[in-house]
Each structure stands twice: as structure tokens, then as C-alpha cells.
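S.K.: My structure is in start.csv, and what it holds is CSV, N, CA and C atoms:
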chain,number,residue,atom,x,y,z
A,1,MET,N,-15.9,95.4,6.9
A,1,MET,CA,-15.2,94.2,7.0
A,1,MET,C,-14.6,93.8,5.6
A,2,LYS,N,-15.4,94.0,4.6
A,2,LYS,CA,-14.9,93.7,3.2
A,2,LYS,C,-13.7,94.6,2.9
A,3,THR,N,-13.7,95.9,3.3
A,3,THR,CA,-12.6,96.8,3.0
A,3,THR,C,-11.3,96.3,3.6
A,4,ILE,N,-11.4,95.9,4.9
A,4,ILE,CA,-10.2,95.4,5.5
A,4,ILE,C,-9.6,94.2,4.9
A,5,THR,N,-10.5,93.2,4.5
A,5,THR,CA,-10.1,92.0,3.8
A,5,THR,C,-9.5,92.3,2.5
A,6,MET,N,-10.1,93.2,1.7
A,6,MET,CA,-9.5,93.6,0.4
A,6,MET,C,-8.1,94.3,0.6
A,7,LEU,N,-8.0,95.1,1.6
A,7,LEU,CA,-6.8,95.8,1.9
A,7,LEU,C,-5.7,94.8,2.2
A,8,LEU,N,-5.9,93.9,3.0
A,8,LEU,CA,-5.0,92.8,3.4
A,8,LEU,C,-4.6,92.0,2.2
A,9,LEU,N,-5.5,91.6,1.4
A,9,LEU,CA,-5.3,90.9,0.2
A,9,LEU,C,-4.4,91.7,-0.8
A,10,PHE,N,-4.7,92.9,-1.0
A,10,PHE,CA,-4.0,93.8,-1.8
A,10,PHE,C,-2.5,93.9,-1.3
A,11,MET,N,-2.3,94.1,0.0
A,11,MET,CA,-1.0,94.2,0.5
A,11,MET,C,-0.2,92.9,0.3
A,12,GLY,N,-0.9,91.8,0.5
A,12,GLY,CA,-0.2,90.5,0.3
A,12,GLY,C,0.2,90.2,-1.1
A,13,VAL,N,-0.6,90.7,-2.1
A,13,VAL,CA,-0.3,90.5,-3.5
A,13,VAL,C,0.8,91.4,-4.0
A,14,PHE,N,0.6,92.7,-3.7
A,14,PHE,CA,1.5,93.7,-4.3
A,14,PHE,C,2.7,94.1,-3.5
A,15,PHE,N,2.6,93.8,-2.2
A,15,PHE,CA,3.8,94.1,-1.3
A,15,PHE,C,4.1,92.8,-0.5
A,16,PRO,N,4.6,91.8,-1.2
A,16,PRO,CA,4.8,90.5,-0.5
A,16,PRO,C,5.9,90.6,0.6
A,17,SER,N,6.8,91.6,0.5
A,17,SER,CA,7.8,91.7,1.6
A,17,SER,C,7.2,92.0,3.0
A,18,PHE,N,6.0,92.6,3.0
A,18,PHE,CA,5.3,92.8,4.3
A,18,PHE,C,4.8,91.5,4.8
A,19,THR,N,4.4,90.7,4.0
A,19,THR,CA,3.8,89.4,4.5
A,19,THR,C,4.9,88.4,4.8
A,20,PHE,N,6.1,88.6,4.3
A,20,PHE,CA,7.2,87.6,4.6
A,20,PHE,C,8.2,88.2,5.5
A,21,ALA,N,8.0,89.4,6.1
A,21,ALA,CA,8.9,90.0,6.9
A,21,ALA,C,9.2,89.2,8.2
A,22,GLY,N,10.5,89.1,8.6
A,22,GLY,CA,10.8,88.4,9.8
A,22,GLY,C,11.5,89.3,10.7
A,23,GLU,N,11.7,88.9,11.9
A,23,GLU,CA,12.4,89.6,12.9
A,23,GLU,C,13.6,88.8,13.4
A,24,ILE,N,14.7,89.5,13.6
A,24,ILE,CA,15.9,88.8,14.3
A,24,ILE,C,16.0,89.6,15.6
A,25,TYR,N,16.0,88.9,16.7
A,25,TYR,CA,16.1,89.5,18.0
A,25,TYR,C,16.9,88.6,18.9
A,26,GLY,N,17.3,89.2,20.1
A,26,GLY,CA,18.0,88.4,21.1
A,26,GLY,C,18.6,89.3,22.1
A,27,CYS,N,19.5,88.7,22.9
A,27,CYS,CA,20.3,89.5,23.9
A,27,CYS,C,21.8,89.3,23.7
A,28,ILE,N,22.5,90.2,24.2
A,28,ILE,CA,24.0,90.2,24.2
A,28,ILE,C,24.5,90.3,25.6
A,29,LYS,N,25.4,89.4,26.0
A,29,LYS,CA,26.0,89.5,27.3
A,29,LYS,C,27.5,89.6,27.2
A,30,LYS,N,28.2,90.1,28.2
A,30,LYS,CA,29.6,90.0,28.3
A,30,LYS,C,29.8,89.4,29.7
A,31,GLY,N,30.4,88.2,29.7
A,31,GLY,CA,30.5,87.5,30.9
A,31,GLY,C,29.1,87.1,31.4
A,32,LYS,N,28.7,87.4,32.6
A,32,LYS,CA,27.4,87.0,33.1
A,32,LYS,C,26.4,88.2,33.1
A,33,LYS,N,26.9,89.3,32.6
A,33,LYS,CA,26.1,90.5,32.7
A,33,LYS,C,25.7,90.9,31.2
A,34,PHE,N,24.5,91.5,31.2
A,34,PHE,CA,24.1,92.1,29.9
A,34,PHE,C,24.9,93.3,29.5
A,35,ILE,N,25.2,93.5,28.2
A,35,ILE,CA,25.9,94.7,27.8
A,35,ILE,C,25.0,95.9,28.1
A,36,GLU,N,25.7,97.1,28.0
A,36,GLU,CA,25.0,98.3,28.4
A,36,GLU,C,24.0,98.7,27.3
A,37,LYS,N,23.2,99.7,27.7
A,37,LYS,CA,22.2,100.3,26.7
A,37,LYS,C,23.0,101.1,25.7
A,38,GLY,N,22.4,101.1,24.5
A,38,GLY,CA,22.9,101.9,23.4
A,38,GLY,C,24.0,101.4,22.5
A,39,VAL,N,24.3,100.0,22.6
A,39,VAL,CA,25.3,99.4,21.8
A,39,VAL,C,24.6,99.2,20.4
A,40,ARG,N,25.2,99.6,19.3
A,40,ARG,CA,24.7,99.6,18.0
A,40,ARG,C,24.8,98.1,17.4
A,41,VAL,N,23.7,97.7,16.9
A,41,VAL,CA,23.6,96.3,16.2
A,41,VAL,C,23.1,96.6,14.8
A,42,GLU,N,23.8,96.1,13.8
A,42,GLU,CA,23.5,96.3,12.4
A,42,GLU,C,23.4,95.0,11.7
A,43,ILE,N,22.7,95.0,10.6
A,43,ILE,CA,22.5,93.8,9.8
A,43,ILE,C,22.5,94.2,8.3
A,44,ALA,N,23.1,93.4,7.4
A,44,ALA,CA,23.2,93.6,6.0
A,44,ALA,C,23.2,92.3,5.2
A,45,SER,N,22.7,92.4,4.0
A,45,SER,CA,22.9,91.3,3.1
A,45,SER,C,24.1,91.7,2.1
A,46,GLU,N,24.3,90.9,1.1
A,46,GLU,CA,25.4,91.2,0.2
A,46,GLU,C,25.2,92.5,-0.5
A,47,ASP,N,24.0,92.9,-0.8
A,47,ASP,CA,23.7,94.1,-1.6
A,47,ASP,C,22.9,95.2,-0.9
A,48,LYS,N,22.4,94.9,0.4
A,48,LYS,CA,21.6,95.9,1.1
A,48,LYS,C,22.0,96.0,2.5
A,49,THR,N,21.9,97.2,3.0
A,49,THR,CA,22.1,97.5,4.5
A,49,THR,C,20.8,98.0,5.0
A,50,TYR,N,20.4,97.5,6.2
A,50,TYR,CA,19.2,97.8,6.9
A,50,TYR,C,19.4,98.8,8.0
A,51,PRO,N,18.4,99.5,8.4
A,51,PRO,CA,18.6,100.5,9.5
A,51,PRO,C,19.1,99.7,10.8
A,52,PRO,N,20.1,100.2,11.5
A,52,PRO,CA,20.6,99.6,12.7
A,52,PRO,C,19.7,99.8,13.9
A,53,THR,N,19.9,99.2,14.9
A,53,THR,CA,19.2,99.4,16.2
A,53,THR,C,20.2,99.5,17.3
A,54,GLU,N,19.7,99.7,18.5
A,54,GLU,CA,20.6,99.8,19.7
A,54,GLU,C,20.0,98.9,20.8
A,55,THR,N,20.9,98.4,21.6
A,55,THR,CA,20.4,97.5,22.7
A,55,THR,C,19.7,98.4,23.8
A,56,ASP,N,18.9,97.7,24.5
A,56,ASP,CA,18.2,98.4,25.6
A,56,ASP,C,19.0,98.1,26.9
A,57,GLU,N,18.4,98.5,28.0
A,57,GLU,CA,19.1,98.3,29.3
A,57,GLU,C,19.3,96.9,29.7
A,58,TYR,N,18.7,96.0,29.0
A,58,TYR,CA,18.9,94.5,29.3
A,58,TYR,C,19.7,93.8,28.2
A,59,GLY,N,20.3,94.6,27.4
A,59,GLY,CA,21.2,94.0,26.3
A,59,GLY,C,20.4,93.4,25.2
A,60,THR,N,19.1,93.7,25.1
A,60,THR,CA,18.3,93.1,24.0
A,60,THR,C,18.3,94.0,22.8
A,61,TYR,N,18.1,93.3,21.6
A,61,TYR,CA,18.0,94.1,20.4
A,61,TYR,C,16.9,93.4,19.5
A,62,SER,N,16.4,94.1,18.5
A,62,SER,CA,15.4,93.6,17.6
A,62,SER,C,15.5,94.3,16.3
A,63,LEU,N,15.7,93.5,15.2
A,63,LEU,CA,15.8,94.0,13.9
A,63,LEU,C,14.8,93.4,13.0
A,64,CYS,N,14.1,94.3,12.2
A,64,CYS,CA,13.1,93.8,11.2
A,64,CYS,C,13.8,93.6,9.9
A,65,VAL,N,13.7,92.4,9.4
A,65,VAL,CA,14.4,92.1,8.1
A,65,VAL,C,13.3,91.7,7.1
A,66,PRO,N,13.1,92.5,6.1
A,66,PRO,CA,11.9,92.3,5.2
A,66,PRO,C,12.0,91.2,4.2
A,67,GLU,N,13.0,90.4,4.3
A,67,GLU,CA,13.1,89.2,3.4
A,67,GLU,C,13.8,88.1,4.1
A,68,LYS,N,13.7,86.9,3.5
A,68,LYS,CA,14.3,85.7,4.0
A,68,LYS,C,15.7,85.6,3.4
A,69,GLY,N,16.6,84.9,4.1
A,69,GLY,CA,17.9,84.6,3.6
A,69,GLY,C,19.0,84.8,4.6
A,70,ARG,N,20.2,84.9,4.0
A,70,ARG,CA,21.5,84.9,4.8
A,70,ARG,C,21.9,86.4,4.9
A,71,PHE,N,22.3,86.8,6.2
A,71,PHE,CA,22.6,88.1,6.5
A,71,PHE,C,23.9,88.1,7.4
A,72,ILE,N,24.5,89.3,7.4
A,72,ILE,CA,25.7,89.5,8.2
A,72,ILE,C,25.3,90.4,9.4
A,73,LEU,N,25.5,90.0,10.6
A,73,LEU,CA,25.2,90.8,11.8
A,73,LEU,C,26.5,91.3,12.4
A,74,LYS,N,26.6,92.6,12.8
A,74,LYS,CA,27.7,93.2,13.4
A,74,LYS,C,27.3,93.9,14.6
A,75,VAL,N,28.1,94.0,15.6
A,75,VAL,CA,27.9,94.7,16.9
A,75,VAL,C,29.0,95.8,17.0
A,76,ASP,N,28.6,97.0,17.2
A,76,ASP,CA,29.6,98.1,17.4
A,76,ASP,C,29.8,98.2,19.0
A,77,TYR,N,30.7,97.5,19.5
A,77,TYR,CA,30.9,97.4,20.9
A,77,TYR,C,32.2,98.2,21.3
A,78,LYS,N,32.0,99.3,22.1
A,78,LYS,CA,33.0,100.2,22.5
A,78,LYS,C,33.9,100.7,21.4
A,79,GLY,N,33.1,101.1,20.3
A,79,GLY,CA,33.8,101.7,19.1
A,79,GLY,C,34.5,100.8,18.2
A,80,GLN,N,34.3,99.5,18.4
A,80,GLN,CA,34.9,98.5,17.6
A,80,GLN,C,33.9,97.5,17.0
A,81,LEU,N,33.8,97.4,15.7
A,81,LEU,CA,32.9,96.5,15.1
A,81,LEU,C,33.4,95.0,15.3
A,82,THR,N,32.5,94.2,15.7
A,82,THR,CA,32.9,92.8,15.8
A,82,THR,C,33.0,92.2,14.4
A,83,PRO,N,33.8,91.1,14.3
A,83,PRO,CA,33.8,90.4,13.0
A,83,PRO,C,32.4,90.0,12.6
A,84,ASP,N,32.2,89.8,11.3
A,84,ASP,CA,30.9,89.4,10.7
A,84,ASP,C,30.5,88.1,11.4
A,85,PHE,N,29.2,88.0,11.7
A,85,PHE,CA,28.5,86.8,12.2
A,85,PHE,C,27.3,86.5,11.2
A,86,VAL,N,27.3,85.4,10.7
A,86,VAL,CA,26.2,85.0,9.7
A,86,VAL,C,25.0,84.6,10.5
A,87,VAL,N,23.8,85.2,10.1
A,87,VAL,CA,22.5,84.9,10.7
A,87,VAL,C,21.6,84.7,9.5
A,88,TYR,N,20.5,84.0,9.8
A,88,TYR,CA,19.5,83.7,8.8
A,88,TYR,C,18.1,84.3,9.2
A,89,SER,N,17.4,84.9,8.2
A,89,SER,CA,16.1,85.4,8.5
A,89,SER,C,15.1,84.4,7.8
A,90,TYR,N,14.0,84.2,8.5
A,90,TYR,CA,12.9,83.3,8.0
A,90,TYR,C,11.6,84.1,8.0
A,91,GLU,N,10.5,83.4,7.6
A,91,GLU,CA,9.2,84.0,7.6
A,91,GLU,C,8.8,84.4,9.0
A,92,ASN,N,9.2,83.7,10.0
A,92,ASN,CA,8.8,84.0,11.4
A,92,ASN,C,10.1,84.6,12.1
A,93,SER,N,9.9,85.0,13.3
A,93,SER,CA,11.0,85.6,14.1
A,93,SER,C,12.0,84.5,14.4
A,94,VAL,N,13.2,84.9,14.6
A,94,VAL,CA,14.3,84.0,15.0
A,94,VAL,C,15.1,84.7,16.0
A,95,GLN,N,15.6,83.9,17.0
A,95,GLN,CA,16.3,84.5,18.1
A,95,GLN,C,17.8,84.1,18.0
A,96,TYR,N,18.6,85.1,18.2
A,96,TYR,CA,20.1,84.9,18.3
A,96,TYR,C,20.6,85.6,19.5
A,97,ASN,N,21.0,84.8,20.5
A,97,ASN,CA,21.6,85.3,21.7
A,97,ASN,C,23.1,85.2,21.6
A,98,PHE,N,23.8,86.2,22.0
A,98,PHE,CA,25.3,86.2,21.9
A,98,PHE,C,25.9,86.6,23.2
A,99,SER,N,27.2,86.2,23.3
A,99,SER,CA,28.1,86.7,24.3
A,99,SER,C,29.3,87.4,23.6
A,100,ILE,N,29.7,88.5,24.1
A,100,ILE,CA,30.9,89.2,23.5
A,100,ILE,C,32.1,88.7,24.3
A,101,GLU,N,33.1,88.3,23.6
A,101,GLU,CA,34.3,87.9,24.2
A,101,GLU,C,35.5,88.7,23.6
A,102,GLU,N,36.5,88.8,24.4
A,102,GLU,CA,37.7,89.6,23.9
A,102,GLU,C,38.9,88.7,23.8
A,103,LYS,N,39.6,88.8,22.7
A,103,LYS,CA,40.8,88.1,22.5
A,103,LYS,C,41.8,89.0,21.8
A,104,ASP,N,43.0,89.2,22.4
A,104,ASP,CA,44.0,90.0,21.8
A,104,ASP,C,43.5,91.4,21.4
A,105,GLY,N,42.7,92.0,22.3
A,105,GLY,CA,42.2,93.3,22.1
A,105,GLY,C,41.1,93.4,21.0
A,106,GLN,N,40.6,92.3,20.5
A,106,GLN,CA,39.6,92.3,19.5
A,106,GLN,C,38.3,91.6,20.1
A,107,TYR,N,37.2,92.3,20.0
A,107,TYR,CA,35.9,91.7,20.4
A,107,TYR,C,35.3,90.8,19.3
A,108,PHE,N,34.7,89.7,19.7
A,108,PHE,CA,34.0,88.9,18.8
A,108,PHE,C,32.8,88.3,19.4
A,109,LEU,N,31.8,87.9,18.6
A,109,LEU,CA,30.6,87.3,19.1
A,109,LEU,C,30.6,85.8,19.1
A,110,ARG,N,30.0,85.2,20.1
A,110,ARG,CA,29.8,83.8,20.2
A,110,ARG,C,28.4,83.5,20.5
A,111,ARG,N,27.8,82.7,19.7
A,111,ARG,CA,26.3,82.4,19.9
A,111,ARG,C,26.2,81.5,21.1
A,112,LYS,N,25.1,81.9,21.9
A,112,LYS,CA,24.8,81.1,23.1
A,112,LYS,C,23.8,80.1,22.8
Using C-alpha cells, write down the structure that the file contains.
M.R.:
Amino acid sequence: MKTITMLLLFMGVFFPSFTFAGEIYGCIKKGKKFIEKGVRVEIASEDKTYPPTETDEYGTYSLCVPEKGRFILKVDYKGQLTPDFVVYSYENSVQYNFSIEEKDGQYFLRRK
């Protein structure tokens, strides 16, 4: 038991990003239906890009962001990246649900 406690303490002191990691998750719809499986969702800060994820069959996504702050979320829908959408990461998980809308041949995100 002491070993586990010491390991957790060590991780919290020397690797604080693990203790403050947050998750950004949600679902994406187009109209009243969820978007299809395999749509790429990516997130970046001003100086870092994080590994992207893909939506599942219910249009849901989940991204792990190892720090708090302001980030840019983009969705690659039908080969077209949506315009930047600002999201925020916190110590705990945060949910962002979107709908994809089309205007003049350009897709964009609207928060639900």
C-alpha cells in the first residue's frame, strides 16, 4: 500500500500534467442525425497539436488534453475542415456538443 501511495505522490509532484489532465468530449449532429463514424476531430493550442480522434457510430468523440486553457477544435467533415472553434479545457472533463451546418458550400460548427 505504501508503494502505491508513494508512486501516486511521485507522479503528482514530478508529472503534474497527469494530475491536471482534462477531457473534452461530446457529440456532433447534422440536422437531427448523428454524423457518421470516422469523422476526424482535432484540437490544438497556439503552440501544440494533440493527437486527433474520430467519431464513433453515434457521432461522439473524446480528446484528452493534458493541460488547462484555450484550444482550437476543428472537424474534418467530408474532406473539409470546419472553421476554428474555441474550446476550453479544465481540470475536469468538459462536454461540447455540436451541430454541423452548411452555408455557401462551407461547413461550420454550432454549439448546442
S.K.: Find, counting all atoms listed in the file, the residue in A:Glu23, A:Arg111, A:Thr53, A:Glu67 that gets nearest to Asn92 in chain A.
M.R.: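 Among the listed residues, A:Glu23 lies closest to Asn92 in chain A.
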S.K.: At a cut-off of 6.5 Å, using all atoms listed in the file, what residues contact Asp76 in chain A? Leave out same-chain residues fewer than 3 positions from it and give the result as number ranges by chain.
M.R.: A: 39-42, 79-82
S.K.: Could you go through chain A and tell me which residues DSSP, when run on the backbone, assigns to strand (DSSP E), listing them as a ChimeraX atom specification?
M.R.: /A:22-30,33-34,40-44,53-54,60-65,69-77,80-81,85-89,94-95,98-103,106-111
S.K.: Do you know which residues lie at most 7 Å from (21.9, 94.7, 24.2), with coordinates as in the file and all atoms listed in the file counted, and could you write them as a ChimeraX atom specification?
M.R.: /A:26-29,34-39,54-61
S.K.: Give the answer as one residue: which of A:Lys48, A:Lys74, A:Tyr107, A:Gly22 has the shortest atom-to-atom distance to Ser89 in chain A, using all atoms listed in the file?
M.R.: A:Gly22
S.K.: What's the separation between CA of Phe98 in chain A and CA of Val86 in chain A, in Å to one decimal place?
M.R.: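 CA of Phe98 in chain A sits 12.3 Å away from CA of Val86 in chain A.
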S.K.: As a PyMOL selection string, please: every residue in chain A that DSSP puts in helix (DSSP H, G or I).
M.R.: chain A and resi 2-14+16-19
S.K.: Pick the closest to Phe108 in chain A from A:Tyr90, A:Gly69, A:Gln95, A:Pro83: which is it, counting all atoms listed in the file?
M.R.: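 Ranked by minimum distance to Phe108 in chain A, first place goes to A:Pro83.
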S.K.: Between CA of Glu91 in chain A and CA of Val75 in chain A, what distance in Å does the model show, to one decimal?
M.R.: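 These two atoms are separated by 23.5 Å.
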S.K.: What does the structure give for the distance between CA of Lys68 in chain A and CA of Asp47 in chain A, in Å to one decimal?
M.R.: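 Result for CA of Lys68 in chain A versus CA of Asp47 in chain A: 13.8 Å, one decimal.
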